[in-house]
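A.B. asks: So that we are looking at the same thing, I have put the structure below in structure tokens.
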Amino acid sequence: MLEPFAAQVMALEANYLRVRLDHPGPDGRRLLLCTRRARLAHGGLKVMVGDRVGVEGCDWVEGRAAVGSLEPRRNQLQRPALANVDQVLVVMALAQPAIDPESLSRFLLSAETAGAEVIPVLSKADLVSDQQQWLDRLVGWGYQALAISRHDPAGLAALEDRLSRGVAVLCGPSGVGKSSLLNALVPELQLRTAAVSGKLQRGRHTTRHVELHDLPAGGLLADTPGFNRPELPADPELVAQLFPEIRQQLEAGVRCRFRNCRHLQEPGCGLQRQWERYPSYVELMG
Ligand code: GDP
Ligand code: ZN
């Protein structure tokens, strides 16, 4: 193996970056504590968690190295500050509180702005008897959603299967079970939670910065949930891209007469308009 080694930034710690090598080092080590090479600063870019980097000067005994290069980002989130996100899990409870379709739709549209795969995760499935109704409804919105509950290992396993690659992040309103899900998916966090429970934190883990954690079945999960107040782009040009219902039709080769068609009621618009969220789309384009 020749330096530099490809790696991903897992956490920022004061003056250090914790990185994970794509391929383990000679002694099987994957995690290294790194300084930044001075030339990194010249690019003017701050390294973020999730960044793909080149690592050099490895000291395999001490587990130290230096980050010498930064690869261009595929995408980036602001809250939490995270680069190269592959999947955004939008968590909504099937009950307590019951799903508000408007709010779910907004969260999904906001998640789509990341340019990553969006997966609706319907939590607290143990509290309802008709989860299929929502799963079917979401198919109409263009999503293969998952229903989970902490009492159902099979649902959790199905979610882990969908996650086993790249960087994932949770988002959703408070109270839907995001922390519970994080703890269920990342064994490391359970340990930390146990360590602080009994003190003032009431079992909440206390990281202030986002950190990526290895999932047992593969993939990385951010330990800080994203946006709980979803925001949408002001530019109507971008709105159509946030609806899978529209994307899928365009990918399937639907043609409109005009190149910059807004898919409202233009003559020669080829878009089929018989889908549940079409009125929301029209409203957003208002
Ligand atoms: P967060 O605010 O999204 O992080 O939600 P929490 O993880 O703190 O959970 C909010 C509440 O929902 C807590 O009282 C949890 O005990 C409860 N909860 C979480 N997951 C489940 C579940 O699968 N089923 C049920 N019935 N309750 C759950
Ligand atoms: Zn059109």
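Simple scheme: letters A, B, ... for chains in structure tokens order, numbers from 1 for residues in each chain, numbers from 1 for ligands in the order shown.
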For ligand 2, collect every residue having any atom at a distance of at most 9 Å from a ligand atom (counting only C-alpha atoms and all ligand atoms); output as a PyMOL selection string.
C.D. replies: chain A and resi 254-272
A.B. asks: Selected residues, C-alpha atoms, written as a short mmCIF file (atom, residue, chain, number, x, y, z; two decimals), in the first residue's frame, please.
C.D. replies:
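Contents of the output file result.cif:
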data_model
loop_
_atom_site.label_atom_id
_atom_site.label_comp_id
_atom_site.auth_asym_id
_atom_site.auth_seq_id
_atom_site.Cartn_x
_atom_site.Cartn_y
_atom_site.Cartn_z
CA VAL A 254 -42.22 12.20 -20.24
CA ARG A 255 -41.90 15.11 -22.67
CA CYS A 256 -43.14 18.67 -22.33
CA ARG A 257 -43.35 21.06 -25.25
CA PHE A 258 -41.23 23.68 -23.55
CA ARG A 259 -37.80 22.97 -22.14
CA ASN A 260 -38.31 25.04 -19.02
CA CYS A 261 -41.86 23.75 -18.43
CA ARG A 262 -43.07 24.37 -14.86
CA HIS A 263 -45.53 21.47 -15.14
CA LEU A 264 -48.48 23.55 -14.04
CA GLN A 265 -51.09 23.90 -16.80
CA GLU A 266 -48.84 24.79 -19.74
CA PRO A 267 -49.96 23.69 -23.21
CA GLY A 268 -48.06 20.59 -24.23
CA CYS A 269 -47.02 19.62 -20.69
CA GLY A 270 -46.64 15.86 -20.68
CA LEU A 271 -46.73 15.45 -16.94
CA GLN A 272 -49.50 13.28 -15.57
#
A.B. asks: Write out as a list in words the residues lying within 7 Å of A:Gly226, counting only C-alpha atoms and excluding same-chain residues fewer than 5 positions away.
C.D. replies: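 Listing them by chain and then by number gives Arg79, Pro80, Val169, Leu170 and Cys171 of chain A.
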A.B. asks: Applying 9 Å and only C-alpha atoms, which residues near stretch 217-219 of chain A remain after dropping the ones on its own chain fewer than 2 positions away? List them as JSON, numbers by chain.
C.D. replies: {"A": [160, 161, 163, 164, 165, 166, 167, 168, 213, 214, 215, 221]}
A.B. asks: 6 Å from ligand 1 is the threshold here; counting only C-alpha atoms and all ligand atoms, which polymer residues fall inside it? Answer as JSON, numbers by chain.
C.D. replies: {"A": [123, 124, 126, 127, 149, 150, 174, 175, 176, 177, 178, 179, 180]}
A.B. asks: Take the residues that were just selected and, keeping N, CA and C atoms, output them as a PDB file, in the first residue's frame.
C.D. replies:
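Generated file (out39.pdb):
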ATOM      1  N   SER A 123     -42.080   5.244  12.597  1.00  0.00           N
ATOM      2  CA  SER A 123     -41.722   4.649  13.888  1.00  0.00           C
ATOM      3  C   SER A 123     -42.952   4.368  14.738  1.00  0.00           C
ATOM      4  N   LYS A 124     -42.721   3.703  15.858  1.00  0.00           N
ATOM      5  CA  LYS A 124     -43.776   3.352  16.817  1.00  0.00           C
ATOM      6  C   LYS A 124     -44.868   2.509  16.175  1.00  0.00           C
ATOM      7  N   ASP A 126     -45.626  -0.343  16.724  1.00  0.00           N
ATOM      8  CA  ASP A 126     -46.315  -1.170  17.722  1.00  0.00           C
ATOM      9  C   ASP A 126     -47.603  -0.520  18.214  1.00  0.00           C
ATOM     10  N   LEU A 127     -47.742   0.795  17.978  1.00  0.00           N
ATOM     11  CA  LEU A 127     -48.919   1.494  18.511  1.00  0.00           C
ATOM     12  C   LEU A 127     -50.105   1.500  17.552  1.00  0.00           C
ATOM     13  N   SER A 149     -40.329  -0.449  14.953  1.00  0.00           N
ATOM     14  CA  SER A 149     -40.709  -0.277  16.341  1.00  0.00           C
ATOM     15  C   SER A 149     -39.619  -0.927  17.161  1.00  0.00           C
ATOM     16  N   ARG A 150     -39.445  -0.408  18.361  1.00  0.00           N
ATOM     17  CA  ARG A 150     -38.363  -0.982  19.161  1.00  0.00           C
ATOM     18  C   ARG A 150     -38.728  -2.386  19.638  1.00  0.00           C
ATOM     19  N   SER A 174     -39.295  16.361  16.935  1.00  0.00           N
ATOM     20  CA  SER A 174     -38.912  15.746  18.211  1.00  0.00           C
ATOM     21  C   SER A 174     -40.044  14.851  18.703  1.00  0.00           C
ATOM     22  N   GLY A 175     -39.645  13.838  19.460  1.00  0.00           N
ATOM     23  CA  GLY A 175     -40.627  12.935  20.043  1.00  0.00           C
ATOM     24  C   GLY A 175     -41.001  11.741  19.188  1.00  0.00           C
ATOM     25  N   VAL A 176     -40.396  11.622  17.988  1.00  0.00           N
ATOM     26  CA  VAL A 176     -40.785  10.519  17.108  1.00  0.00           C
ATOM     27  C   VAL A 176     -39.937   9.267  17.325  1.00  0.00           C
ATOM     28  N   GLY A 177     -38.887   9.383  18.135  1.00  0.00           N
ATOM     29  CA  GLY A 177     -38.081   8.205  18.438  1.00  0.00           C
ATOM     30  C   GLY A 177     -36.724   8.183  17.759  1.00  0.00           C
ATOM     31  N   LYS A 178     -36.200   9.352  17.385  1.00  0.00           N
ATOM     32  CA  LYS A 178     -34.895   9.387  16.712  1.00  0.00           C
ATOM     33  C   LYS A 178     -33.766   8.914  17.640  1.00  0.00           C
ATOM     34  N   SER A 179     -33.774   9.416  18.882  1.00  0.00           N
ATOM     35  CA  SER A 179     -32.712   8.995  19.814  1.00  0.00           C
ATOM     36  C   SER A 179     -32.810   7.507  20.093  1.00  0.00           C
ATOM     37  N   SER A 180     -34.029   7.034  20.271  1.00  0.00           N
ATOM     38  CA  SER A 180     -34.220   5.601  20.518  1.00  0.00           C
ATOM     39  C   SER A 180     -33.661   4.792  19.352  1.00  0.00           C
TER      40      SER A 180
END
A.B. asks: Name all residues at most 12 Å from stretch 26-30 of chain A (count only C-alpha atoms; drop same-chain ones fewer than 3 positions away) and give them as a ChimeraX atom specification.
C.D. replies: /A:1-2,5-10,18-23,33,55,58-65,214
A.B. asks: Write out, as a short mmCIF file (atom, residue, chain, number, x, y, z; two decimals), in the first residue's frame, the residues just selected, with N, CA, C and O atoms.
C.D. replies:
data_model
loop_
_atom_site.label_atom_id
_atom_site.label_comp_id
_atom_site.auth_asym_id
_atom_site.auth_seq_id
_atom_site.Cartn_x
_atom_site.Cartn_y
_atom_site.Cartn_z
N MET A 1 0.84 -1.20 0.00
CA MET A 1 0.00 0.00 0.00
C MET A 1 0.87 1.25 0.00
O MET A 1 1.89 1.30 0.67
N LEU A 2 0.42 2.23 -0.76
CA LEU A 2 1.19 3.47 -0.87
C LEU A 2 0.40 4.65 -0.36
O LEU A 2 -0.79 4.77 -0.60
N PHE A 5 -3.41 7.40 1.78
CA PHE A 5 -4.50 6.43 1.87
C PHE A 5 -5.84 7.16 1.86
O PHE A 5 -5.98 8.21 2.49
N ALA A 6 -6.80 6.56 1.18
CA ALA A 6 -8.15 7.15 1.16
C ALA A 6 -8.84 6.90 2.50
O ALA A 6 -8.76 5.80 3.05
N ALA A 7 -9.48 7.94 3.01
CA ALA A 7 -10.13 7.83 4.31
C ALA A 7 -11.31 8.78 4.36
O ALA A 7 -11.50 9.62 3.48
N GLN A 8 -12.13 8.63 5.41
CA GLN A 8 -13.28 9.50 5.61
C GLN A 8 -13.24 10.09 7.01
O GLN A 8 -12.89 9.38 7.96
N VAL A 9 -13.58 11.36 7.12
CA VAL A 9 -13.53 12.03 8.43
C VAL A 9 -14.74 11.61 9.26
O VAL A 9 -15.89 11.78 8.84
N MET A 10 -14.49 11.05 10.44
CA MET A 10 -15.56 10.58 11.33
C MET A 10 -15.93 11.63 12.37
O MET A 10 -17.06 11.68 12.83
N ARG A 18 -10.54 12.81 13.42
CA ARG A 18 -10.56 11.36 13.54
C ARG A 18 -11.01 10.81 12.20
O ARG A 18 -12.08 11.18 11.70
N VAL A 19 -10.19 9.98 11.57
CA VAL A 19 -10.53 9.46 10.24
C VAL A 19 -10.59 7.93 10.25
O VAL A 19 -10.00 7.28 11.11
N ARG A 20 -11.30 7.41 9.28
CA ARG A 20 -11.44 5.97 9.12
C ARG A 20 -10.93 5.61 7.74
O ARG A 20 -11.41 6.14 6.73
N LEU A 21 -9.91 4.74 7.70
CA LEU A 21 -9.33 4.33 6.43
C LEU A 21 -10.30 3.45 5.66
O LEU A 21 -11.02 2.63 6.25
N ASP A 22 -10.33 3.60 4.33
CA ASP A 22 -11.18 2.73 3.51
C ASP A 22 -10.74 1.28 3.65
O ASP A 22 -11.55 0.38 3.68
N HIS A 23 -9.41 1.09 3.70
CA HIS A 23 -8.87 -0.26 3.87
C HIS A 23 -7.98 -0.28 5.10
O HIS A 23 -7.17 0.62 5.27
N LEU A 33 -5.94 9.14 14.38
CA LEU A 33 -6.07 10.51 14.83
C LEU A 33 -5.11 11.36 14.02
O LEU A 33 -3.91 11.09 14.01
N VAL A 55 -4.72 10.52 3.49
CA VAL A 55 -3.99 10.47 4.75
C VAL A 55 -2.55 10.03 4.49
O VAL A 55 -2.30 9.12 3.70
N CYS A 58 1.67 7.99 8.15
CA CYS A 58 1.01 7.13 9.14
C CYS A 58 2.01 6.55 10.14
O CYS A 58 3.04 6.00 9.76
N ASP A 59 1.68 6.70 11.41
CA ASP A 59 2.40 6.03 12.49
C ASP A 59 1.46 4.94 13.00
O ASP A 59 0.53 5.21 13.75
N TRP A 60 1.69 3.73 12.54
CA TRP A 60 0.76 2.64 12.82
C TRP A 60 0.78 2.24 14.28
O TRP A 60 -0.21 1.72 14.80
N VAL A 61 1.91 2.49 14.96
CA VAL A 61 2.00 2.10 16.36
C VAL A 61 1.14 3.03 17.22
O VAL A 61 0.33 2.59 18.04
N GLU A 62 1.28 4.34 16.99
CA GLU A 62 0.53 5.32 17.79
C GLU A 62 -0.87 5.59 17.24
O GLU A 62 -1.67 6.26 17.90
N GLY A 63 -1.10 5.17 16.00
CA GLY A 63 -2.41 5.46 15.40
C GLY A 63 -2.54 6.92 15.01
O GLY A 63 -3.62 7.49 15.08
N ARG A 64 -1.40 7.53 14.63
CA ARG A 64 -1.40 8.95 14.24
C ARG A 64 -1.09 9.08 12.76
O ARG A 64 -0.42 8.23 12.18
N ALA A 65 -1.57 10.17 12.16
CA ALA A 65 -1.26 10.46 10.77
C ALA A 65 -1.58 11.93 10.50
O ALA A 65 -1.90 12.67 11.43
N ASP A 214 -19.73 3.73 12.94
CA ASP A 214 -19.82 2.52 12.14
C ASP A 214 -21.05 1.74 12.56
O ASP A 214 -21.30 1.55 13.74
#
A.B. asks: Run DSSP on the backbone and grab whatever in stretch 36-279 of chain A lands in strand (DSSP E or B); send it over as a ChimeraX atom specification.
C.D. replies: /A:36,52-59,64-70,76-77,82-83,87-93,117-123,146-147,167-171,197,199,212-214,220-222,226
A.B. asks: What separation in Å, quoted to one decimal, exists between atom CA of A:Pro97 and atom CA of A:Asp152?
C.D. replies: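 Separation of atom CA of A:Pro97 and atom CA of A:Asp152: 19.3 Å.
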A.B. asks: From the set A:Ala240, A:Val118, A:Ala81, A:Leu182, which residue has the shortest atom-to-atom contact distance to A:Gly142, counting only C-alpha atoms?
C.D. replies: A:Val118
A.B. asks: For atom CA of A:Pro101 and atom CA of A:Pro244, quote the distance in Å rounded to one decimal.
C.D. replies: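 Taking atom CA of A:Pro101 as the start and atom CA of A:Pro244 as the end point, the length is 16.1 Å.
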A.B. asks: Which polymer residues have any atom within 9 Å of an atom of A:Leu146, counting only C-alpha atoms, with same-chain residues fewer than 3 positions away left out, as number ranges by chain?
C.D. replies: A: 119-123, 135, 155-156, 158-159
A.B. asks: Atom CA of A:Arg229 to atom CA of A:Arg74: how many Å, to one decimal?
C.D. replies: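 Computing the Euclidean distance for atom CA of A:Arg229 and atom CA of A:Arg74 yields 23.6 Å.
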A.B. asks: What's the 12 Å shell around A:Ile99, counting only C-alpha atoms, without same-chain residues fewer than 3 positions away, as a PyMOL selection string?
C.D. replies: chain A and resi 91-96+102-105+107+120-125+128+131+133-134+172-173+175-176
A.B. asks: If you run DSSP on the backbone here, which positions in stretch 64-221 of chain A get helix (DSSP H, G or I)? Please write them as a count of residues only.
C.D. replies: 54
A.B. asks: Check the smallest atom-to-atom distance from each of A:Val67, A:Val139, A:Leu242, A:Leu185 to A:Tyr16 using only C-alpha atoms, then report the winner.
C.D. replies: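 Among A:Val67, A:Val139, A:Leu242, A:Leu185, it is A:Val67 that comes nearest to A:Tyr16.
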A.B. asks: So which residues touch A:Glu117 within 9 Å, counting only C-alpha atoms, skipping near sequence neighbours fewer than 3 positions away, as a PDB file with all heavy atoms, in the first residue's frame?
C.D. replies:
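What follows is the written file selection-v4.pdb:
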ATOM      1  N   VAL A  85     -23.350  13.074   2.131  1.00  0.00           N
ATOM      2  CA  VAL A  85     -24.456  12.305   2.711  1.00  0.00           C
ATOM      3  C   VAL A  85     -25.090  11.433   1.616  1.00  0.00           C
ATOM      4  O   VAL A  85     -25.371  11.907   0.527  1.00  0.00           O
ATOM      5  CB  VAL A  85     -25.520  13.254   3.304  1.00  0.00           C
ATOM      6  CG1 VAL A  85     -26.716  12.477   3.816  1.00  0.00           C
ATOM      7  CG2 VAL A  85     -24.905  14.105   4.391  1.00  0.00           C
ATOM      8  N   ASP A  86     -25.250  10.158   1.915  1.00  0.00           N
ATOM      9  CA  ASP A  86     -25.851   9.235   0.953  1.00  0.00           C
ATOM     10  C   ASP A  86     -27.332   9.018   1.189  1.00  0.00           C
ATOM     11  O   ASP A  86     -28.082   8.785   0.263  1.00  0.00           O
ATOM     12  CB  ASP A  86     -25.150   7.873   1.027  1.00  0.00           C
ATOM     13  CG  ASP A  86     -23.711   7.966   0.596  1.00  0.00           C
ATOM     14  OD1 ASP A  86     -23.484   8.093  -0.626  1.00  0.00           O
ATOM     15  OD2 ASP A  86     -22.817   7.973   1.461  1.00  0.00           O
ATOM     16  N   GLN A  87     -27.737   9.048   2.457  1.00  0.00           N
ATOM     17  CA  GLN A  87     -29.128   8.738   2.784  1.00  0.00           C
ATOM     18  C   GLN A  87     -29.626   9.639   3.899  1.00  0.00           C
ATOM     19  O   GLN A  87     -28.943   9.832   4.897  1.00  0.00           O
ATOM     20  CB  GLN A  87     -29.250   7.274   3.238  1.00  0.00           C
ATOM     21  CG  GLN A  87     -28.920   6.288   2.118  1.00  0.00           C
ATOM     22  CD  GLN A  87     -28.829   4.857   2.623  1.00  0.00           C
ATOM     23  OE1 GLN A  87     -28.184   4.595   3.620  1.00  0.00           O
ATOM     24  NE2 GLN A  87     -29.472   3.952   1.920  1.00  0.00           N
ATOM     25  N   VAL A  88     -30.821  10.176   3.721  1.00  0.00           N
ATOM     26  CA  VAL A  88     -31.477  10.928   4.787  1.00  0.00           C
ATOM     27  C   VAL A  88     -32.707  10.134   5.207  1.00  0.00           C
ATOM     28  O   VAL A  88     -33.570   9.836   4.386  1.00  0.00           O
ATOM     29  CB  VAL A  88     -31.902  12.335   4.314  1.00  0.00           C
ATOM     30  CG1 VAL A  88     -32.556  13.102   5.462  1.00  0.00           C
ATOM     31  CG2 VAL A  88     -30.706  13.111   3.768  1.00  0.00           C
ATOM     32  N   LEU A  89     -32.753   9.754   6.482  1.00  0.00           N
ATOM     33  CA  LEU A  89     -33.905   9.022   7.002  1.00  0.00           C
ATOM     34  C   LEU A  89     -34.851  10.019   7.637  1.00  0.00           C
ATOM     35  O   LEU A  89     -34.477  10.705   8.582  1.00  0.00           O
ATOM     36  CB  LEU A  89     -33.474   8.008   8.070  1.00  0.00           C
ATOM     37  CG  LEU A  89     -32.313   7.077   7.720  1.00  0.00           C
ATOM     38  CD1 LEU A  89     -32.121   6.067   8.835  1.00  0.00           C
ATOM     39  CD2 LEU A  89     -32.586   6.385   6.414  1.00  0.00           C
ATOM     40  N   ALA A 111     -35.769  17.133   3.003  1.00  0.00           N
ATOM     41  CA  ALA A 111     -34.701  16.131   2.955  1.00  0.00           C
ATOM     42  C   ALA A 111     -34.180  15.978   1.523  1.00  0.00           C
ATOM     43  O   ALA A 111     -32.984  15.789   1.307  1.00  0.00           O
ATOM     44  CB  ALA A 111     -35.209  14.794   3.477  1.00  0.00           C
ATOM     45  N   GLU A 112     -35.084  16.096   0.542  1.00  0.00           N
ATOM     46  CA  GLU A 112     -34.676  15.950  -0.859  1.00  0.00           C
ATOM     47  C   GLU A 112     -33.695  17.034  -1.291  1.00  0.00           C
ATOM     48  O   GLU A 112     -32.933  16.833  -2.224  1.00  0.00           O
ATOM     49  CB  GLU A 112     -35.900  15.987  -1.791  1.00  0.00           C
ATOM     50  CG  GLU A 112     -36.826  14.778  -1.674  1.00  0.00           C
ATOM     51  CD  GLU A 112     -36.296  13.538  -2.392  1.00  0.00           C
ATOM     52  OE1 GLU A 112     -35.233  13.628  -3.050  1.00  0.00           O
ATOM     53  OE2 GLU A 112     -36.947  12.481  -2.290  1.00  0.00           O
ATOM     54  N   ALA A 114     -31.071  17.808   0.022  1.00  0.00           N
ATOM     55  CA  ALA A 114     -29.697  17.346   0.247  1.00  0.00           C
ATOM     56  C   ALA A 114     -29.142  16.654  -1.010  1.00  0.00           C
ATOM     57  O   ALA A 114     -27.935  16.501  -1.147  1.00  0.00           O
ATOM     58  CB  ALA A 114     -29.642  16.396   1.434  1.00  0.00           C
TER      59      ALA A 114
END
